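Data from run05.pdb: PDB, C-alpha atoms
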```
MODEL        1
ATOM      1  CA  MET A   3     -33.876 -21.424 -26.960
ATOM      2  CA  THR A   4     -31.893 -24.515 -27.938
ATOM      3  CA  LYS A   5     -28.520 -24.439 -29.657
ATOM      4  CA  LYS A   6     -26.518 -27.324 -31.055
ATOM      5  CA  ARG A   7     -22.777 -27.238 -30.766
ATOM      6  CA  ARG A   8     -20.199 -29.665 -32.018
ATOM      7  CA  LEU A   9     -17.165 -30.332 -29.926
ATOM      8  CA  SER A  10     -14.107 -31.612 -31.730
ATOM      9  CA  SER A  11     -14.530 -35.299 -32.537
ATOM     10  CA  SER A  12     -17.629 -35.766 -30.366
ATOM     11  CA  LEU A  13     -21.367 -36.041 -30.714
ATOM     12  CA  PRO A  14     -23.578 -32.940 -30.949
ATOM     13  CA  VAL A  15     -24.572 -31.507 -27.588
ATOM     14  CA  LYS A  16     -27.782 -29.612 -26.905
ATOM     15  CA  VAL A  17     -27.414 -26.570 -24.701
ATOM     16  CA  GLU A  18     -30.503 -24.902 -23.310
ATOM     17  CA  ILE A  19     -30.321 -21.295 -22.276
ATOM     18  CA  LYS A  20     -33.164 -19.671 -20.407
ATOM     19  CA  GLU A  21     -33.054 -16.069 -21.455
ATOM     20  CA  GLU A  22     -35.241 -14.754 -18.626
ATOM     21  CA  ASN A  23     -32.954 -15.879 -15.781
ATOM     22  CA  VAL A  24     -29.747 -15.000 -17.590
ATOM     23  CA  GLY A  25     -31.008 -11.493 -18.314
ATOM     24  CA  ASN A  26     -32.127 -10.863 -14.731
ATOM     25  CA  GLU A  27     -28.943 -12.267 -13.199
ATOM     26  CA  TYR A  28     -26.854 -10.281 -15.644
ATOM     27  CA  LEU A  29     -28.664  -7.044 -14.852
ATOM     28  CA  MET A  30     -28.404  -7.688 -11.099
ATOM     29  CA  ALA A  31     -24.669  -8.401 -11.327
ATOM     30  CA  LYS A  32     -24.144  -5.360 -13.526
ATOM     31  CA  GLY A  33     -25.998  -3.171 -11.022
ATOM     32  CA  ARG A  34     -23.953  -4.494  -8.115
ATOM     33  CA  LEU A  35     -20.703  -3.880  -9.989
ATOM     34  CA  LYS A  36     -21.740  -0.320 -10.820
ATOM     35  CA  GLY A  37     -22.578   0.312  -7.147
ATOM     36  CA  VAL A  38     -19.254  -0.985  -5.915
ATOM     37  CA  LEU A  39     -17.314   0.983  -8.519
ATOM     38  CA  LYS A  40     -19.232   4.131  -7.630
ATOM     39  CA  GLN A  41     -18.437   3.679  -3.920
ATOM     40  CA  LEU A  42     -14.762   3.110  -4.676
ATOM     41  CA  THR A  43     -14.490   6.195  -6.874
ATOM     42  CA  GLU A  44     -16.280   8.314  -4.261
ATOM     43  CA  LYS A  45     -13.922   7.088  -1.521
ATOM     44  CA  SER A  46     -10.833   7.672  -3.652
ATOM     45  CA  SER A  47     -11.974  11.178  -4.612
ATOM     46  CA  ASP A  48     -12.611  11.989  -0.934
ATOM     47  CA  ASP A  49      -9.138  10.729  -0.013
ATOM     48  CA  GLU A  50      -7.530  12.808  -2.750
ATOM     49  CA  SER A  51      -9.367  15.978  -1.765
ATOM     50  CA  GLU A  52      -8.263  15.589   1.862
ATOM     51  CA  SER A  53      -4.618  15.397   0.902
ATOM     52  CA  SER A  54      -4.648  17.776  -2.051
ATOM     53  CA  ASP A  55      -0.887  18.285  -2.219
ATOM     54  CA  GLU A  56      -0.160  14.578  -2.206
ATOM     55  CA  GLY A  57      -3.046  13.947  -4.598
ATOM     56  CA  GLN A  58      -1.722  16.490  -7.086
ATOM     57  CA  ILE A  59       1.725  14.919  -6.956
ATOM     58  CA  ARG A  60       0.222  11.469  -7.528
ATOM     59  CA  ARG A  61      -1.830  12.708 -10.491
ATOM     60  CA  ARG A  62       1.201  14.346 -12.077
ATOM     61  CA  ARG A  63       3.495  11.354 -11.574
ATOM     62  CA  GLY A  64       0.910   8.573 -11.956
ATOM     63  CA  ARG A  65       2.884   6.336  -9.580
ATOM     64  CA  ARG A  66       2.838   5.833  -5.678
ATOM     65  CA  THR A  67       5.013   7.972  -3.417
ATOM     66  CA  SER A  68       7.358   6.129  -1.106
ATOM     67  CA  SER A  69       6.772   6.228   2.583
ATOM     68  CA  PRO A  70       9.297   5.845   5.391
ATOM     69  CA  GLU A  71       9.639   2.409   6.901
ATOM     70  CA  PRO A  72       8.192   1.923  10.376
ATOM     71  CA  GLU A  73      10.642   1.873  13.242
ATOM     72  CA  ASN A  74      11.348  -1.351  15.093
ATOM     73  CA  SER A  75      10.219   0.049  18.454
ATOM     74  CA  TRP A  76       6.680   1.371  18.309
ATOM     75  CA  ASP A  77       3.451   1.208  20.172
ATOM     76  CA  GLU A  78       0.248  -0.364  18.826
ATOM     77  CA  SER A  79      -1.508   3.005  19.001
ATOM     78  CA  GLU A  80       1.099   4.518  16.636
ATOM     79  CA  VAL A  81       0.194   2.251  13.692
ATOM     80  CA  VAL A  82      -1.961   4.426  11.469
ATOM     81  CA  ASP A  83      -1.058   3.824   7.838
ATOM     82  CA  VAL A  84       1.519   1.131   7.068
ATOM     83  CA  ARG A  85       2.577   0.948   3.445
ATOM     84  CA  ARG A  86       5.701  -1.140   3.813
ATOM     85  CA  LEU A  87       6.739  -3.801   6.291
ATOM     86  CA  PRO A  88      10.054  -3.453   8.127
ATOM     87  CA  PRO A  89      13.051  -5.302   6.693
ATOM     88  CA  PRO A  90      14.312  -8.549   8.253
ATOM     89  CA  SER A  91      16.339  -8.080  11.420
ATOM     90  CA  LYS A  92      19.194 -10.387  10.350
ATOM     91  CA  ALA A  93      20.829 -11.270   7.050
ATOM     92  CA  PHE A  94      19.607 -14.359   5.214
ATOM     93  CA  GLU A  95      21.156 -17.637   6.231
ATOM     94  CA  THR A  96      20.451 -21.043   4.860
ATOM     95  CA  ARG A  97      17.092 -22.635   5.629
ATOM     96  CA  ILE A  98      18.607 -26.090   5.460
ATOM     97  CA  PRO A  99      19.571 -27.386   8.907
ATOM     98  CA  SER A 100      22.956 -28.858   9.676
ATOM     99  CA  PRO A 101      23.230 -32.645   9.419
ATOM    100  CA  LEU A 102      22.705 -34.843  12.454
ATOM    101  CA  PRO A 103      25.844 -36.110  14.231
ATOM    102  CA  GLU A 104      25.001 -39.662  13.101
ATOM    103  CA  GLN A 105      24.934 -38.462   9.502
ATOM    104  CA  LEU A 106      28.382 -36.930   9.814
ATOM    105  CA  GLU A 107      29.839 -40.145  11.260
ATOM    106  CA  GLN A 108      28.331 -42.423   8.624
ATOM    107  CA  SER A 109      29.830 -43.040   5.218
ATOM    108  CA  LYS A 110      28.412 -44.946   2.294
ATOM    109  CA  ASN A 111      31.815 -46.645   1.918
ATOM    110  CA  ASN A 112      31.543 -48.277   5.370
ATOM    111  CA  ILE A 113      28.421 -50.348   4.665
ATOM    112  CA  ASN A 114      29.022 -54.069   5.141
ATOM    113  CA  LEU A 115      26.962 -56.004   2.598
ATOM    114  CA  ASP A 116      28.435 -59.380   3.424
ATOM    115  CA  TYR A 117      25.476 -61.050   5.138
ATOM    116  CA  GLU A 118      27.440 -64.171   6.003
ATOM    117  CA  GLU A 119      29.779 -62.120   8.160
ATOM    118  CA  CYS A 120      27.027 -60.122   9.880
ATOM    119  CA  PRO A 121      23.335 -61.011   9.484
ATOM    120  CA  PRO A 122      20.914 -58.343   8.191
ATOM    121  CA  THR A 123      19.121 -56.221  10.761
ATOM    122  CA  ASP A 124      15.608 -57.215  11.767
ATOM    123  CA  LYS A 125      12.758 -55.392   9.987
ATOM    124  CA  ASN A 126      11.238 -54.018  13.215
ATOM    125  CA  THR A 127      14.616 -52.727  14.382
ATOM    126  CA  LEU A 128      15.158 -50.966  11.049
ATOM    127  CA  ILE A 129      11.738 -49.337  11.207
ATOM    128  CA  ARG A 130      12.272 -48.212  14.819
ATOM    129  CA  ASN A 131      15.710 -46.757  13.971
ATOM    130  CA  HIS A 132      14.361 -44.939  10.921
ATOM    131  CA  LEU A 133      11.458 -43.493  12.897
ATOM    132  CA  GLN A 134      13.809 -42.225  15.602
ATOM    133  CA  ARG A 135      16.094 -40.728  12.963
ATOM    134  CA  TRP A 136      13.264 -38.981  11.103
ATOM    135  CA  VAL A 137      11.876 -37.562  14.341
ATOM    136  CA  LYS A 138      15.282 -35.941  14.897
ATOM    137  CA  VAL A 139      15.456 -34.741  11.284
ATOM    138  CA  LYS A 140      11.976 -33.197  11.526
ATOM    139  CA  LYS A 141      12.907 -31.479  14.797
ATOM    140  CA  LYS A 142      16.034 -29.987  13.149
ATOM    141  CA  TRP A 143      13.973 -28.661  10.222
ATOM    142  CA  ILE A 144      11.399 -27.110  12.572
ATOM    143  CA  GLU A 145      14.182 -25.414  14.565
ATOM    144  CA  ALA A 146      15.786 -24.088  11.357
ATOM    145  CA  SER A 147      12.409 -22.783  10.196
ATOM    146  CA  ALA A 148      11.774 -21.034  13.517
ATOM    147  CA  LYS A 149      15.261 -19.478  13.382
ATOM    148  CA  ASN A 150      14.550 -18.163   9.883
ATOM    149  CA  GLU A 151      11.153 -16.753  10.921
ATOM    150  CA  GLU A 152      12.752 -14.841  13.823
ATOM    151  CA  ARG A 153      14.150 -12.487  11.179
ATOM    152  CA  PHE A 154      10.599 -11.337  10.382
ATOM    153  CA  GLU A 155       9.384 -10.841  13.958
ATOM    154  CA  SER A 156       8.859  -7.078  13.553
ATOM    155  CA  SER A 157       6.846  -7.616  10.353
ATOM    156  CA  PHE A 158       4.759 -10.243  12.120
ATOM    157  CA  LYS A 159       4.042  -7.847  14.995
ATOM    158  CA  THR A 160       2.988  -5.151  12.512
ATOM    159  CA  LEU A 161       0.637  -7.517  10.696
ATOM    160  CA  GLN A 162      -0.749  -8.838  13.992
ATOM    161  CA  THR A 163      -1.476  -5.271  15.132
ATOM    162  CA  ILE A 164      -3.242  -4.458  11.870
ATOM    163  CA  TYR A 165      -5.301  -7.640  12.168
ATOM    164  CA  ASN A 166      -6.225  -6.958  15.812
ATOM    165  CA  LYS A 167      -7.343  -3.397  14.991
ATOM    166  CA  ALA A 168      -9.460  -4.663  12.098
ATOM    167  CA  GLN A 169     -11.074  -7.230  14.422
ATOM    168  CA  GLU A 170     -11.793  -4.524  17.013
ATOM    169  CA  ARG A 171     -13.472  -2.377  14.350
ATOM    170  CA  ALA A 172     -15.505  -5.340  13.130
ATOM    171  CA  ASP A 173     -16.634  -6.128  16.682
ATOM    172  CA  GLU A 174     -17.683  -2.520  17.239
ATOM    173  CA  SER A 175     -19.849  -2.512  14.110
TER     174      SER A 175
ENDMDL
END
```

Do you think you could lay out the structure here as structure tokens?
Amino acid sequence: MTKKRRLSSSLPVKVEIKEENVGNEYLMAKGRLKGVLKQLTEKSSDDESESSDEGQIRRRRGRRTSSPEPENSWDESEVVDVRRLPPPSKAFETRIPSPLPEQLEQSKNNINLDYEECPPTDKNTLIRNHLQRWVKVKKKWIEASAKNEERFESSFKTLQTIYNKAQERADES
């Protein structure tokens, strides 16, 4: 079947649609979706029947029930059902590192632009100085980032444990 369509301010375009392939692909995709939805509803109904009290509360309220936060000191075998990650260990500080000592000493008012008095710096020297400076700046930013991420160490351990257990289950299958 051939259809002609006009796009705004353009020439007509012919679009060919093969109905046989579209129908089969559509039916296959529809069947797969139905299968997945059926599996999900069966699993959720099994979960609700196992915890009937909690399931009844959820059905009445229609929202999730809160769960206690995991403790900071726990063993990997204790992680069963984590619904919330632990809070950061420290209060938020700035993510921006402190300036380098050279930056504190320098002032834009102290720049000597009189080239007769002192000749301009060589191009290679400027590049070398800038590279050394930016290496230090990058190092300061990496340190500040690591310091900020230390706050979330317990969350990272929780996620790592969940990931490791999932990998173990996948390897066993």

Item to check | the PyMOL selection byres ((chain A and resi 98) around 8) applied to the shown file, residues as an MDAnalysis selection string | outcome: chainID A and resid 96:97 99:100 143 146

Checklist outcome for this item: CA of Thr160 in chain A to CA of Lys92 in chain A measures 17.2 Å

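Distance-wise, CA of Glu95 in chain A and CA of Arg153 in chain A end up 10.0 Å apart.
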
Item to check | Atomic distance CA of Asn150 in chain A - CA of Asn131 in chain A, expressed in Å with one decimal | outcome: 28.9 Å

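Ranking A:Leu102, A:Leu42, A:Leu35, A:Met30 by their shortest atom-to-atom distance to Val139 in chain A, with only C-alpha atoms included, puts A:Leu102 first.
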
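Closest approach to Lys142 in chain A from the set A:Ser91, A:Pro103, A:Glu174, A:Glu27 is made by A:Pro103, with distances taken over all atoms listed in the file.
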
Where does the PyMOL selection byres ((chain A and resi 89) around 8) land in this file, that is, which residues does it pick, as a PDB file with C-alpha atoms, in the frame of the given file?
```pdb
ATOM      1  CA  LEU A  87       6.739  -3.801   6.291  1.00  0.00           C
ATOM      2  CA  PRO A  88      10.054  -3.453   8.127  1.00  0.00           C
ATOM      3  CA  PRO A  90      14.312  -8.549   8.253  1.00  0.00           C
ATOM      4  CA  SER A  91      16.339  -8.080  11.420  1.00  0.00           C
ATOM      5  CA  PHE A 154      10.599 -11.337  10.382  1.00  0.00           C
ATOM      6  CA  SER A 157       6.846  -7.616  10.353  1.00  0.00           C
TER       7      SER A 157
END
```

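With distances restricted to all atoms listed in the file, A:Gln134 is the closest residue to Glu104 in chain A from A:Thr123, A:Gln162, A:Gln134, A:Thr43.
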
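Using all atoms listed in the file, the nearest neighbour of Glu151 in chain A within the list A:Trp136, A:Arg171, A:Ala93, A:Ser109 is A:Ala93.
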
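With all atoms listed in the file as the atoms that count, the minimum distance from Ser156 in chain A to the choices A:Arg130, A:Arg86, A:Lys32, A:Lys110 is reached by A:Arg86.
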